[in-house]
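Just below is one structure, and these are the notes that go with it.
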Amino acid sequence: MIGALRIPFFIGLSLAIAFSGGVAATKIALDAEDPFDVLEIGPWVANPLAQTAGANPYDKARRALGDGSGLGQAEGLVFRATTDSSGAPLLASCAYVVGGQVPASRVWIMRLTGLSGEITHADPPFSRAMHSASVLRGPDGAFEIGLGAEARSGNWLFMSGDGPFGIEFLLFDTPAAGNFGLIDLEMPEIERQDCADA
């Protein structure tokens with residue numbers, strides 16, 4: 001009797017391992033950084049095709065799972081950074097300066113996000129995002145935005161905590177969305193300042 005049950009048991013065990021392995025591999029692939037169709041400028045990464053019919057299967061799956069921060073190619077482009085310009089991970093316990101230029105666009109928004117895309121927490125009345133219309137600029141159009149718990153003059157976004165975070169630039173109505181690879185693009189540098197745990 002026991003011998004007769006061994007074969008179905010091993011078949012069931014093999015199927016369970018194969019199924020759970022397939023689910024785990026799919027989850028890892030969907031959570032991983034996207035190696036396809038990306039545009040990289042320093043620490044900034046964008047995927048202009050992610051919201052189009054020509055998107056790769058992983059981007060289509062992410063879209064189906066509800067990663068709703070993308071823009072269609074006719075709407076604009078989203079650049080994300082999870083490291084500073086030196087390649088070190090962005091940490092909320094450190095202060096940063098994001099400065100320079102962004103590609104031509106009608107409007108842009110810079111916002112702070114968690115690595116999974118959710119907005120990092122900030123106590124009112126502090127903002128978690130900055131709109132291009134409210135940014136102070138130099139004569140050449142360049143800007144600097146400070147990030148950190150300590151207030152500073154000029155452009156500043158409040159940030160506290162000690163975990164990793166990300167920065168997104170949402171560029172609306174930009175020619176960069178349809179001409180990536182054909183035009184030279186410039187994105188701001190991200191410089192780490194002091195850290196609370198240093």
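Each chain in the structure tokens gets a letter, A, B, ..., in the order shown, and its residues are numbered from 1; ligands are numbered from 1 in order too.
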task: Please provide as a ChimeraX atom specification all residues within 6 Å of Leu112 of chain A, with the sequence filter that same-chain residues fewer than 2 positions apart are discarded (counting only C-alpha atoms).
output: /A:128,166-167
task: Would you list the contacts of Val45 of chain A as a PyMOL selection string, taking every protein, DNA or RNA residue within 7 Å and counting only C-alpha atoms, but skipping same-chain residues closer than 3 positions in sequence?
output: chain A and resi 38-41+79-81
message: Taking only C-alpha atoms into account, name the residue in A:Ala149, A:Met187, A:Val107, A:Ala142 that is nearest to Ser127 of chain A.
response: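 Counting only C-alpha atoms, the residue closest to Ser127 of chain A is A:Ala149.
For the residues A:Pro8, A:Gly42, A:Gly76, A:Pro139, ranking by smallest atom-to-atom distance to Ala104 of chain A using only C-alpha atoms places A:Gly76 first.
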message: Would you compute the distance between atom CA of Gly138 of chain A and atom CA of Pro43 of chain A? Give it in Å to one decimal.
response: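 That distance, rounded to one decimal, is 23.0 Å.
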message: I'd like the contact shell of Leu157 of chain A - 8 Å cut-off, only C-alpha atoms, skipping same-chain residues fewer than 6 positions apart - returned as a count of residues only.
response: 9
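When only C-alpha atoms are used to compute distances to Asp184 of chain A, the closest of the residues A:Thr113, A:Ala196, A:Ser153, A:Val102 turns out to be A:Val102.
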Among segment 82-189 of chain A, which residues does DSSP mark as helix (DSSP H, G or I) when it is run on the backbone? Keep the chain and numbering as in the structure and answer as an mmCIF file with all heavy atoms, in the first residue's frame.
data_model
loop_
_atom_site.group_PDB
_atom_site.id
_atom_site.type_symbol
_atom_site.label_atom_id
_atom_site.label_comp_id
_atom_site.auth_asym_id
_atom_site.auth_seq_id
_atom_site.Cartn_x
_atom_site.Cartn_y
_atom_site.Cartn_z
ATOM 1 N N SER A 132 7.883 72.317 -11.850
ATOM 2 C CA SER A 132 8.817 73.178 -12.584
ATOM 3 C C SER A 132 8.454 74.653 -12.491
ATOM 4 O O SER A 132 9.329 75.523 -12.532
ATOM 5 C CB SER A 132 8.883 72.747 -14.053
ATOM 6 O OG SER A 132 7.595 72.760 -14.639
ATOM 7 N N ALA A 133 7.171 74.966 -12.335
ATOM 8 C CA ALA A 133 6.751 76.365 -12.263
ATOM 9 C C ALA A 133 7.151 77.023 -10.950
ATOM 10 O O ALA A 133 7.192 78.247 -10.865
ATOM 11 C CB ALA A 133 5.249 76.471 -12.459
ATOM 12 N N SER A 134 7.434 76.218 -9.913
ATOM 13 C CA SER A 134 7.754 76.794 -8.608
ATOM 14 C C SER A 134 9.242 76.725 -8.270
ATOM 15 O O SER A 134 9.643 77.090 -7.170
ATOM 16 C CB SER A 134 6.952 76.075 -7.516
ATOM 17 O OG SER A 134 7.326 74.709 -7.452
ATOM 18 N N PRO A 175 10.005 66.241 -26.204
ATOM 19 C CA PRO A 175 10.468 65.552 -27.412
ATOM 20 C C PRO A 175 11.380 64.380 -27.101
ATOM 21 O O PRO A 175 11.587 63.511 -27.937
ATOM 22 C CB PRO A 175 11.215 66.640 -28.187
ATOM 23 C CG PRO A 175 11.562 67.672 -27.182
ATOM 24 C CD PRO A 175 10.492 67.625 -26.129
ATOM 25 N N ALA A 176 11.921 64.337 -25.881
ATOM 26 C CA ALA A 176 12.812 63.241 -25.496
ATOM 27 C C ALA A 176 12.101 61.898 -25.520
ATOM 28 O O ALA A 176 12.717 60.855 -25.722
ATOM 29 C CB ALA A 176 13.385 63.503 -24.103
ATOM 30 N N ALA A 177 10.784 61.894 -25.316
ATOM 31 C CA ALA A 177 10.035 60.633 -25.262
ATOM 32 C C ALA A 177 10.044 59.902 -26.591
ATOM 33 O O ALA A 177 10.048 58.679 -26.632
ATOM 34 C CB ALA A 177 8.597 60.896 -24.816
#
message: If I take atom CA of Val97 of chain A and atom CA of Leu185 of chain A, how far is one from the other in Å, to one decimal?
response: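 Here the two named atoms are 19.8 Å from each other.
If you look at atom CA of Leu90 of chain A and atom CA of Gly161 of chain A, they are 11.7 Å away from each other.
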